[in-house]
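So this block is entry.pdb, PDB, C-alpha atoms:
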ATOM      1  CA  MET X   1     166.738 117.877  57.498
ATOM      2  CA  ALA X   2     168.792 121.030  57.140
ATOM      3  CA  SER X   3     171.168 121.820  59.949
ATOM      4  CA  SER X   4     171.085 125.256  61.521
ATOM      5  CA  ALA X   5     174.860 124.926  61.723
ATOM      6  CA  LEU X   6     175.558 125.155  65.424
ATOM      7  CA  SER X   7     179.139 123.915  65.613
ATOM      8  CA  LEU X   8     181.000 123.343  68.874
ATOM      9  CA  SER X   9     184.610 122.903  67.792
ATOM     10  CA  VAL X  10     187.175 121.253  70.024
ATOM     11  CA  HIS X  11     190.845 120.999  69.001
ATOM     12  CA  HIS X  12     192.766 118.209  70.709
ATOM     13  CA  GLN X  13     190.598 118.483  73.814
ATOM     14  CA  PRO X  14     189.322 115.611  75.975
ATOM     15  CA  SER X  15     185.772 114.590  75.224
ATOM     16  CA  GLN X  16     183.372 117.165  76.664
ATOM     17  CA  PHE X  17     180.085 115.626  77.742
ATOM     18  CA  PHE X  18     177.264 117.759  76.441
ATOM     19  CA  PHE X  19     173.522 117.945  76.919
ATOM     20  CA  PRO X  20     171.904 117.253  73.529
ATOM     21  CA  CYS X  21     168.405 118.402  72.839
ATOM     22  CA  PRO X  22     165.738 115.680  72.403
ATOM     23  CA  GLN X  23     165.822 115.921  68.615
ATOM     24  CA  CYS X  24     169.596 115.465  68.477
ATOM     25  CA  TYR X  25     169.490 112.535  70.895
ATOM     26  CA  THR X  26     166.858 110.850  68.710
ATOM     27  CA  ASN X  27     169.017 111.490  65.645
ATOM     28  CA  TRP X  28     172.033 110.002  67.469
ATOM     29  CA  LYS X  29     170.162 106.812  68.393
ATOM     30  CA  THR X  30     169.038 106.444  64.757
ATOM     31  CA  ASN X  31     172.420 107.346  63.297
ATOM     32  CA  SER X  32     175.204 107.317  65.860
ATOM     33  CA  SER X  33     177.369 109.645  63.767
ATOM     34  CA  SER X  34     174.667 112.255  63.180
ATOM     35  CA  LEU X  35     175.878 114.560  65.955
ATOM     36  CA  PHE X  36     179.494 114.538  64.889
ATOM     37  CA  ILE X  37     181.283 116.023  61.887
ATOM     38  CA  SER X  38     184.964 115.264  61.419
ATOM     39  CA  ASP X  39     187.381 117.602  59.672
ATOM     40  CA  GLY X  40     190.933 116.352  60.037
ATOM     41  CA  ASP X  41     191.969 116.910  63.636
ATOM     42  CA  LYS X  42     188.860 118.939  64.321
ATOM     43  CA  ARG X  43     185.660 117.481  65.729
ATOM     44  CA  SER X  44     182.378 119.327  65.675
ATOM     45  CA  VAL X  45     179.070 118.687  67.359
ATOM     46  CA  THR X  46     176.118 119.807  65.266
ATOM     47  CA  CYS X  47     172.808 120.558  66.916
ATOM     48  CA  PHE X  48     169.836 120.427  64.540
ATOM     49  CA  SER X  49     167.453 122.406  66.714
ATOM     50  CA  SER X  50     169.681 125.363  67.577
ATOM     51  CA  LYS X  51     169.478 128.637  65.671
ATOM     52  CA  LYS X  52     172.619 130.505  66.627
ATOM     53  CA  LYS X  53     176.328 129.848  66.832
ATOM     54  CA  ILE X  54     178.056 129.591  70.172
ATOM     55  CA  GLY X  55     181.711 129.439  71.099
ATOM     56  CA  PHE X  56     183.805 127.178  73.271
ATOM     57  CA  MET X  57     183.118 129.173  76.455
ATOM     58  CA  ASP X  58     179.397 128.875  75.777
ATOM     59  CA  GLN X  59     179.879 125.132  75.469
ATOM     60  CA  ILE X  60     181.349 125.107  78.981
ATOM     61  CA  LEU X  61     178.395 127.170  80.211
ATOM     62  CA  ASP X  62     176.026 124.707  78.576
ATOM     63  CA  TYR X  63     177.648 121.973  80.656
ATOM     64  CA  ILE X  64     177.377 124.009  83.869
ATOM     65  CA  GLU X  65     173.799 125.022  83.113
ATOM     66  CA  GLY X  66     172.803 121.596  81.863
ATOM     67  CA  GLY X  67     170.193 121.097  84.548
ATOM     68  CA  PRO X  68     168.297 124.348  83.881
ATOM     69  CA  LYS X  69     168.416 123.739  80.126
ATOM     70  CA  LEU X  70     166.959 120.259  80.468
ATOM     71  CA  ARG X  71     164.190 121.569  82.707
ATOM     72  CA  LYS X  72     163.345 124.241  80.147
ATOM     73  CA  TRP X  73     163.279 121.766  77.278
ATOM     74  CA  TYR X  74     160.991 119.303  79.018
ATOM     75  CA  GLY X  75     158.946 121.618  81.202
ATOM     76  CA  ALA X  76     159.973 120.108  84.494
ATOM     77  CA  PRO X  77     159.016 121.814  87.770
ATOM     78  CA  GLU X  78     161.510 123.948  89.650
ATOM     79  CA  LEU X  79     164.112 122.749  92.132
ATOM     80  CA  LEU X  80     163.533 121.617  95.677
ATOM     81  CA  PRO X  81     163.901 124.090  98.565
ATOM     82  CA  LYS X  82     167.312 125.736  98.848
ATOM     83  CA  ASP X  83     168.557 123.264 101.404
ATOM     84  CA  GLY X  84     167.916 120.480  98.893
ATOM     85  CA  SER X  85     165.848 118.556 101.426
ATOM     86  CA  LEU X  86     162.889 116.292 100.837
ATOM     87  CA  SER X  87     159.764 116.406 102.947
ATOM     88  CA  GLU X  88     159.005 113.684 105.469
ATOM     89  CA  GLU X  89     156.149 112.568 103.232
ATOM     90  CA  ASP X  90     158.548 112.159 100.289
ATOM     91  CA  MET X  91     160.968 110.186 102.434
ATOM     92  CA  SER X  92     158.382 107.733 103.765
ATOM     93  CA  PRO X  93     158.324 104.476 101.791
ATOM     94  CA  GLU X  94     154.946 103.300 100.586
ATOM     95  CA  GLU X  95     153.749  99.880 101.664
ATOM     96  CA  ASP X  96     152.690  98.876  98.154
ATOM     97  CA  GLU X  97     155.432 100.706  96.327
ATOM     98  CA  VAL X  98     155.697 100.698  92.570
ATOM     99  CA  ARG X  99     159.117  99.551  91.406
ATOM    100  CA  ASP X 100     159.712 101.665  88.323
ATOM    101  CA  ALA X 101     162.951 103.494  89.169
ATOM    102  CA  VAL X 102     166.540 102.885  88.099
ATOM    103  CA  LEU X 103     169.254 103.449  90.694
ATOM    104  CA  VAL X 104     172.610 104.762  89.481
ATOM    105  CA  THR X 105     175.039 103.876  92.246
ATOM    106  CA  ASP X 106     177.481 106.738  91.624
ATOM    107  CA  GLY X 107     175.993 109.999  90.380
ATOM    108  CA  ASP X 108     179.299 111.833  90.845
ATOM    109  CA  ASN X 109     181.245 109.481  88.605
ATOM    110  CA  GLU X 110     181.763 110.763  85.025
ATOM    111  CA  ILE X 111     180.183 107.688  83.445
ATOM    112  CA  GLY X 112     177.442 107.739  86.081
ATOM    113  CA  GLN X 113     176.501 111.265  85.013
ATOM    114  CA  MET X 114     176.448 110.202  81.364
ATOM    115  CA  ILE X 115     174.141 107.336  82.297
ATOM    116  CA  ILE X 116     171.848 109.711  84.187
ATOM    117  CA  LEU X 117     171.544 112.042  81.204
ATOM    118  CA  ALA X 118     170.687 109.180  78.857
ATOM    119  CA  LEU X 119     168.059 107.937  81.324
ATOM    120  CA  ILE X 120     166.546 111.425  81.596
ATOM    121  CA  ILE X 121     166.080 111.614  77.856
ATOM    122  CA  LYS X 122     164.510 108.137  77.855
ATOM    123  CA  GLY X 123     161.981 109.384  80.420
ATOM    124  CA  THR X 124     163.123 106.979  83.130
ATOM    125  CA  ARG X 125     162.492 107.566  86.819
ATOM    126  CA  ILE X 126     165.989 107.924  88.288
ATOM    127  CA  LYS X 127     167.526 107.670  91.734
ATOM    128  CA  ALA X 128     171.222 108.306  92.249
ATOM    129  CA  LEU X 129     173.716 108.073  95.098
ATOM    130  CA  VAL X 130     175.695 111.314  95.316
ATOM    131  CA  LYS X 131     178.009 113.172  97.670
ATOM    132  CA  ASP X 132     176.154 116.501  97.544
ATOM    133  CA  LYS X 133     172.381 116.500  97.085
ATOM    134  CA  ARG X 134     172.178 120.213  96.340
ATOM    135  CA  VAL X 135     174.786 120.048  93.561
ATOM    136  CA  ALA X 136     172.938 117.111  92.005
ATOM    137  CA  MET X 137     169.631 118.984  92.130
ATOM    138  CA  GLU X 138     171.177 122.006  90.457
ATOM    139  CA  ALA X 139     172.599 119.801  87.708
ATOM    140  CA  PHE X 140     169.633 117.546  87.008
ATOM    141  CA  GLY X 141     166.633 119.191  88.646
ATOM    142  CA  THR X 142     163.665 117.048  89.586
ATOM    143  CA  TYR X 143     164.477 114.443  86.953
ATOM    144  CA  VAL X 144     166.690 112.727  89.513
ATOM    145  CA  GLU X 145     166.097 111.840  93.146
ATOM    146  CA  PRO X 146     169.568 112.308  94.651
ATOM    147  CA  ILE X 147     170.423 110.428  97.813
ATOM    148  CA  ALA X 148     173.459 111.701  99.688
ATOM    149  CA  GLY X 149     175.349 109.816 102.351
ATOM    150  CA  ASP X 150     177.450 106.768 103.052
ATOM    151  CA  ALA X 151     176.387 103.783 100.913
ATOM    152  CA  ARG X 152     177.354 101.526 103.835
ATOM    153  CA  ASP X 153     174.553 103.075 105.908
ATOM    154  CA  ARG X 154     171.748 100.490 106.025
ATOM    155  CA  SER X 155     168.928 103.006 106.358
ATOM    156  CA  LEU X 156     170.251 105.118 103.497
ATOM    157  CA  LEU X 157     170.684 102.065 101.285
ATOM    158  CA  LYS X 158     167.155 100.899 102.092
ATOM    159  CA  LYS X 159     165.836 104.295 101.049
ATOM    160  CA  ALA X 160     167.958 104.258  97.892
ATOM    161  CA  LEU X 161     166.597 100.848  96.825
ATOM    162  CA  SER X 162     162.983 101.679  97.629
ATOM    163  CA  GLY X 163     160.907 101.627  94.432
ATOM    164  CA  VAL X 164     163.889 100.504  92.360
ATOM    165  CA  ARG X 165     163.489  97.858  89.641
ATOM    166  CA  ALA X 166     167.035  97.977  88.248
ATOM    167  CA  VAL X 167     170.473  99.015  89.455
ATOM    168  CA  ILE X 168     173.269 100.318  87.229
ATOM    169  CA  CYS X 169     176.760 100.252  88.746
ATOM    170  CA  PRO X 170     179.196 102.364  86.671
ATOM    171  CA  ASN X 171     182.190 101.406  88.822
ATOM    172  CA  GLU X 172     183.294  98.843  91.350
ATOM    173  CA  GLY X 173     182.769  98.820  95.114
ATOM    174  CA  PHE X 174     179.022  99.270  95.617
ATOM    175  CA  ILE X 175     177.553  95.779  95.321
ATOM    176  CA  SER X 176     179.048  94.593  98.625
ATOM    177  CA  ASN X 177     176.821  97.097 100.443
ATOM    178  CA  ILE X 178     173.587  95.439  99.317
ATOM    179  CA  GLU X 179     172.179  93.190 102.061
ATOM    180  CA  SER X 180     168.783  92.504 100.542
ATOM    181  CA  TRP X 181     168.113  91.987  96.824
ATOM    182  CA  LYS X 182     164.379  91.682  97.378
ATOM    183  CA  GLY X 183     162.315  93.374  94.697
ATOM    184  CA  LEU X 184     165.166  94.020  92.269
ATOM    185  CA  GLN X 185     164.559  92.785  88.739
ATOM    186  CA  HIS X 186     167.862  93.517  87.018
ATOM    187  CA  VAL X 187     171.424  94.474  87.985
ATOM    188  CA  ILE X 188     173.781  95.968  85.397
ATOM    189  CA  LEU X 189     177.458  96.048  86.320
ATOM    190  CA  LEU X 190     180.097  97.870  84.279
ATOM    191  CA  SER X 191     183.262  95.959  85.091
ATOM    192  CA  GLN X 192     186.895  96.507  84.149
ATOM    193  CA  LEU X 193     187.961  93.208  85.693
ATOM    194  CA  SER X 194     189.402  91.987  82.388
ATOM    195  CA  VAL X 195     191.612  95.097  82.240
ATOM    196  CA  TYR X 196     192.805  94.643  85.818
ATOM    197  CA  ARG X 197     193.581  90.958  85.262
ATOM    198  CA  GLY X 198     195.537  91.845  82.139
ATOM    199  CA  SER X 199     197.693  94.398  83.978
ATOM    200  CA  SER X 200     201.275  93.666  84.954
ATOM    201  CA  GLY X 201     204.158  95.327  86.762
ATOM    202  CA  VAL X 202     203.487  98.671  88.415
ATOM    203  CA  GLN X 203     200.048  98.928  86.816
ATOM    204  CA  ALA X 204     199.004  95.661  88.473
ATOM    205  CA  ILE X 205     200.051  97.051  91.851
ATOM    206  CA  VAL X 206     198.172 100.322  91.266
ATOM    207  CA  THR X 207     194.963  98.515  90.294
ATOM    208  CA  ALA X 208     195.192  95.729  92.898
ATOM    209  CA  ASN X 209     192.454  97.171  95.133
ATOM    210  CA  ALA X 210     190.176  97.952  92.196
ATOM    211  CA  ARG X 211     190.646  94.393  90.955
ATOM    212  CA  LYS X 212     189.707  93.008  94.368
ATOM    213  CA  LEU X 213     186.548  95.123  94.455
ATOM    214  CA  ALA X 214     185.625  94.168  90.884
ATOM    215  CA  GLU X 215     186.066  90.452  91.622
ATOM    216  CA  GLN X 216     183.984  90.819  94.765
ATOM    217  CA  ASP X 217     181.222  92.704  92.949
ATOM    218  CA  GLU X 218     180.997  90.156  90.150
ATOM    219  CA  SER X 219     180.888  87.244  92.611
ATOM    220  CA  LEU X 220     178.124  88.844  94.672
ATOM    221  CA  VAL X 221     176.031  89.683  91.607
ATOM    222  CA  MET X 222     176.365  86.116  90.331
ATOM    223  CA  ALA X 223     175.234  84.747  93.693
ATOM    224  CA  SER X 224     172.344  87.206  94.121
ATOM    225  CA  GLY X 225     169.706  85.185  92.293
ATOM    226  CA  ILE X 226     168.683  88.380  90.440
ATOM    227  CA  PRO X 227     168.917  88.553  86.630
ATOM    228  CA  TYR X 228     172.146  90.387  85.868
ATOM    229  CA  THR X 229     174.188  91.820  83.041
ATOM    230  CA  ILE X 230     177.944  92.151  83.505
ATOM    231  CA  ILE X 231     179.568  94.363  80.882
ATOM    232  CA  ARG X 232     183.298  93.649  80.902
ATOM    233  CA  SER X 233     184.693  96.646  79.094
ATOM    234  CA  GLY X 234     188.148  97.373  77.809
ATOM    235  CA  LEU X 235     190.129 100.277  79.234
ATOM    236  CA  LEU X 236     187.695 103.191  79.546
ATOM    237  CA  VAL X 237     188.988 106.266  77.721
ATOM    238  CA  ASN X 238     187.971 109.883  77.148
ATOM    239  CA  VAL X 239     187.208 109.823  73.436
ATOM    240  CA  PRO X 240     183.905 110.834  71.821
ATOM    241  CA  GLY X 241     181.352 108.079  71.623
ATOM    242  CA  GLY X 242     178.800 107.234  68.981
ATOM    243  CA  ASN X 243     181.100 107.187  65.967
ATOM    244  CA  GLN X 244     182.979 103.903  66.371
ATOM    245  CA  GLY X 245     181.895 100.312  66.058
ATOM    246  CA  PHE X 246     182.316  97.547  68.614
ATOM    247  CA  ASN X 247     184.072  94.243  69.181
ATOM    248  CA  PHE X 248     182.428  91.611  71.395
ATOM    249  CA  LYS X 249     184.966  88.801  70.929
ATOM    250  CA  GLU X 250     186.065  86.871  73.980
ATOM    251  CA  GLY X 251     189.382  88.192  75.302
ATOM    252  CA  CYS X 252     189.092  91.612  73.634
ATOM    253  CA  ALA X 253     188.629  93.564  76.874
ATOM    254  CA  SER X 254     192.085  92.853  78.280
ATOM    255  CA  GLN X 255     193.777  94.612  75.360
ATOM    256  CA  GLY X 256     191.209  96.969  73.823
ATOM    257  CA  LYS X 257     189.669 100.315  74.765
ATOM    258  CA  LEU X 258     186.122 101.608  75.048
ATOM    259  CA  SER X 259     184.859 105.177  74.974
ATOM    260  CA  LYS X 260     183.288 106.199  78.283
ATOM    261  CA  GLU X 261     180.337 107.656  76.377
ATOM    262  CA  ASP X 262     179.808 104.352  74.578
ATOM    263  CA  ALA X 263     180.097 102.475  77.882
ATOM    264  CA  ALA X 264     177.353 104.634  79.410
ATOM    265  CA  PHE X 265     175.167 104.174  76.332
ATOM    266  CA  ILE X 266     175.536 100.367  76.477
ATOM    267  CA  CYS X 267     174.590 100.330  80.174
ATOM    268  CA  VAL X 268     171.369 102.214  79.442
ATOM    269  CA  GLU X 269     170.502 100.074  76.409
ATOM    270  CA  ALA X 270     171.006  96.939  78.532
ATOM    271  CA  LEU X 271     167.996  97.949  80.640
ATOM    272  CA  ASP X 272     165.676  96.956  77.799
ATOM    273  CA  THR X 273     166.957  93.371  77.724
ATOM    274  CA  VAL X 274     166.588  91.510  81.010
ATOM    275  CA  PRO X 275     168.153  88.033  80.775
ATOM    276  CA  GLN X 276     166.375  85.100  82.383
ATOM    277  CA  LYS X 277     169.423  84.519  84.540
ATOM    278  CA  GLU X 278     172.628  86.151  83.339
ATOM    279  CA  LEU X 279     174.475  87.883  80.548
ATOM    280  CA  ILE X 280     178.230  88.388  80.685
ATOM    281  CA  PHE X 281     180.106  89.782  77.714
ATOM    282  CA  GLU X 282     183.247  91.696  76.800
ATOM    283  CA  VAL X 283     183.192  94.815  74.653
ATOM    284  CA  VAL X 284     185.647  97.331  73.218
ATOM    285  CA  ASN X 285     185.474  99.763  70.329
ATOM    286  CA  GLY X 286     185.994  98.004  67.016
ATOM    287  CA  GLU X 287     184.647  97.611  63.508
ATOM    288  CA  ASP X 288     181.196  96.062  64.048
ATOM    289  CA  LYS X 289     178.299  98.497  63.848
ATOM    290  CA  VAL X 290     175.282  97.820  66.057
ATOM    291  CA  MET X 291     172.021  98.857  64.397
ATOM    292  CA  ASP X 292     169.668  97.242  66.913
ATOM    293  CA  TRP X 293     170.834  96.779  70.516
ATOM    294  CA  LYS X 294     167.968  94.471  71.456
ATOM    295  CA  GLU X 295     169.000  92.106  68.680
ATOM    296  CA  CYS X 296     172.630  92.468  69.739
ATOM    297  CA  PHE X 297     171.885  91.565  73.368
ATOM    298  CA  ALA X 298     169.639  88.685  72.270
ATOM    299  CA  ALA X 299     172.497  87.308  70.172
ATOM    300  CA  LEU X 300     174.925  87.675  73.075
ATOM    301  CA  ILE X 301     172.530  85.832  75.404
ATOM    302  CA  GLU X 302     172.071  83.036  72.852
ATOM    303  CA  LYS X 303     175.847  82.761  72.418
ATOM    304  CA  SER X 304     176.402  82.600  76.187
ATOM    305  CA  GLU X 305     173.941  79.714  76.495
ATOM    306  CA  LEU X 306     175.786  77.510  73.997
TER     307      LEU X 306
END
I'd like the structure from this file rewritten - as structure tokens, please.
Amino acid sequence: MASSALSLSVHHQPSQFFFPCPQCYTNWKTNSSSLFISDGDKRSVTCFSSKKKIGFMDQILDYIEGGPKLRKWYGAPELLPKDGSLSEEDMSPEEDEVRDAVLVTDGDNEIGQMIILALIIKGTRIKALVKDKRVAMEAFGTYVEPIAGDARDRSLLKKALSGVRAVICPNEGFISNIESWKGLQHVILLSQLSVYRGSSGVQAIVTANARKLAEQDESLVMASGIPYTIIRSGLLVNVPGGNQGFNFKEGCASQGKLSKEDAAFICVEALDTVPQKELIFEVVNGEDKVMDWKECFAALIEKSEL
């Protein structure tokens, strides 16, 4: 397929998360390097459905206007009322609710937002805990049901988990708030516990609280009785995802690094493989290319059962 040569060039800049069109996302899943062209120290993102060139400032605007663009691409309805509120009817839980939603426990977190975007493109029903409902609605439109408030609030948490089949936790500290696991079918936890345990000196002091939360989250998930996947990543870094391989060897996470974009992608792919009981694995960027994530997860589950 011939490219229409839309090139978003970034020189020595942190990874900018962008909103790919459906065609480009499909191309990326088929060939993880299809969106990226390397030229020395220059990285370009090529969109195959665009017909005009845009500059770096337009790239920033694309990020800001990501929500409206997604709504236009997929024909979603307009935003909620200006106050961002839901009607009483929308807020009332149904007695025989259908559990088809995925809850992202931190929609303000950078990786959480990457996860949300990937879920939108997969056509998943999404709920997300956020600080500001209106901001979330402007960013993602009606593709996401944002729930704002304190996650320690029992009534808010009950509402957040209503209709949810799976929970994705992109950072530590949420799991301890869950009092009832009833109805959940899968919990996916992105954990940096291996990184925290491998820290020493000042870094160990700085990450002491995060380590405590991560240990607590992992322990609670393991004791929940719900099928779970714990992804123990290496140090999460701001480098473009989709163009590196992976390393799943035991012990790799304490020393290696993982792109935040790749971490988000792995979390979303894990939804399609629900273990009978558990799956715990380490992952960093490496040399191994993954062509089929279902096969990869199946192999990891088989290895963990040995």
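Each of X:Arg165, X:Val104, X:Ser180, X:Asp272 was compared to Val144 (chain X) using all atoms listed in the file, and X:Val104 turns out to be the nearest.
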Query raised in the report: What do you get, as number ranges by chain, if you spell out every residue that the PyMOL selection byres ((chain X and resi 108) around 8) selects here?
Result: X: 106-107, 109-110, 112-113, 129-131
Query - Local residues around (172.3, 94.2, 97.7), at most 9 Å away, using only C-alpha atoms, as a list in words - result: Leu157, Leu161, Phe174, Ile175, Ser176, Asn177, Ile178, Glu179, Ser180, Trp181, Lys182, Leu184, Leu220, Val221 and Ser224 of chain X
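Put simply, CA of Gln185 (chain X) is 5.8 Å away from CA of Ala166 (chain X).
CA of Ala101 (chain X) lies 6.7 Å from CA of Lys127 (chain X).
Residues matched by the PyMOL selection byres ((chain X and resi 276) around 10) in this file are His186, Ile226, Pro227, Tyr228, Thr273, Val274, Pro275, Lys277, Glu278, Leu279 and Ile301 of chain X.
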For those residues, write C-alpha atoms to a file as a PDB file, in the frame of the given file.
ATOM      1  CA  HIS X 186     167.862  93.517  87.018  1.00  0.00           C
ATOM      2  CA  ILE X 226     168.683  88.380  90.440  1.00  0.00           C
ATOM      3  CA  PRO X 227     168.917  88.553  86.630  1.00  0.00           C
ATOM      4  CA  TYR X 228     172.146  90.387  85.868  1.00  0.00           C
ATOM      5  CA  THR X 273     166.957  93.371  77.724  1.00  0.00           C
ATOM      6  CA  VAL X 274     166.588  91.510  81.010  1.00  0.00           C
ATOM      7  CA  PRO X 275     168.153  88.033  80.775  1.00  0.00           C
ATOM      8  CA  LYS X 277     169.423  84.519  84.540  1.00  0.00           C
ATOM      9  CA  GLU X 278     172.628  86.151  83.339  1.00  0.00           C
ATOM     10  CA  LEU X 279     174.475  87.883  80.548  1.00  0.00           C
ATOM     11  CA  ILE X 301     172.530  85.832  75.404  1.00  0.00           C
TER      12      ILE X 301
END
Need to verify the contact set: region 195-202 of chain X, 9 Å, all atoms listed in the file, exclusion of same-chain residues closer than 3 positions in sequence. Can you return it as a compact mmCIF listing (two decimals) with C-alpha atoms, in the coordinates of the input?
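Final file, result-v7.txt:
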# COMPACT_ATOMS: atom_id res chain seq x y z
CA SER X 191 183.26 95.96 85.09
CA GLN X 192 186.90 96.51 84.15
CA ILE X 205 200.05 97.05 91.85
CA VAL X 206 198.17 100.32 91.27
CA THR X 207 194.96 98.52 90.29
CA ALA X 208 195.19 95.73 92.90
CA ALA X 210 190.18 97.95 92.20
CA ARG X 211 190.65 94.39 90.96
CA ALA X 214 185.62 94.17 90.88
CA ARG X 232 183.30 93.65 80.90
CA SER X 233 184.69 96.65 79.09
CA GLY X 234 188.15 97.37 77.81
CA LEU X 235 190.13 100.28 79.23
CA ALA X 253 188.63 93.56 76.87
CA SER X 254 192.08 92.85 78.28
CA GLN X 255 193.78 94.61 75.36
CA GLY X 256 191.21 96.97 73.82
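Between CA of Lys257 (chain X) and CA of Ala204 (chain X) lies a distance of 17.2 Å.
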Requested in this report: Might you spell out which residues the PyMOL selection byres ((chain X and resi 248) around 6) would select in the displayed file, as a list in words?
Outcome: Asn247, Lys249, Glu282 and Val283 of chain X
Query - Nearest-residue call for Val167 (chain X), choices X:Leu117, X:Met222, X:Ile126, X:Val102, using only C-alpha atoms - result: X:Val102
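Look at Val98 (chain X): the protein and nucleic acid residues within 10 Å of it, using all atoms listed in the file and passing over chain neighbours fewer than 5 places away, are Ser162, Gly163, Val164 and Arg165 of chain X.
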Kindly provide, as AutoDock Vina command-line options, the centre and edge lengths (Å, one decimal) of an axis-aligned box around all atoms of region 243-261 of chain X given in the file, with 3 Å on each side.
--center_x 187.1 --center_y 97.3 --center_z 72.1 --size_x 19.4 --size_y 26.8 --size_z 18.3
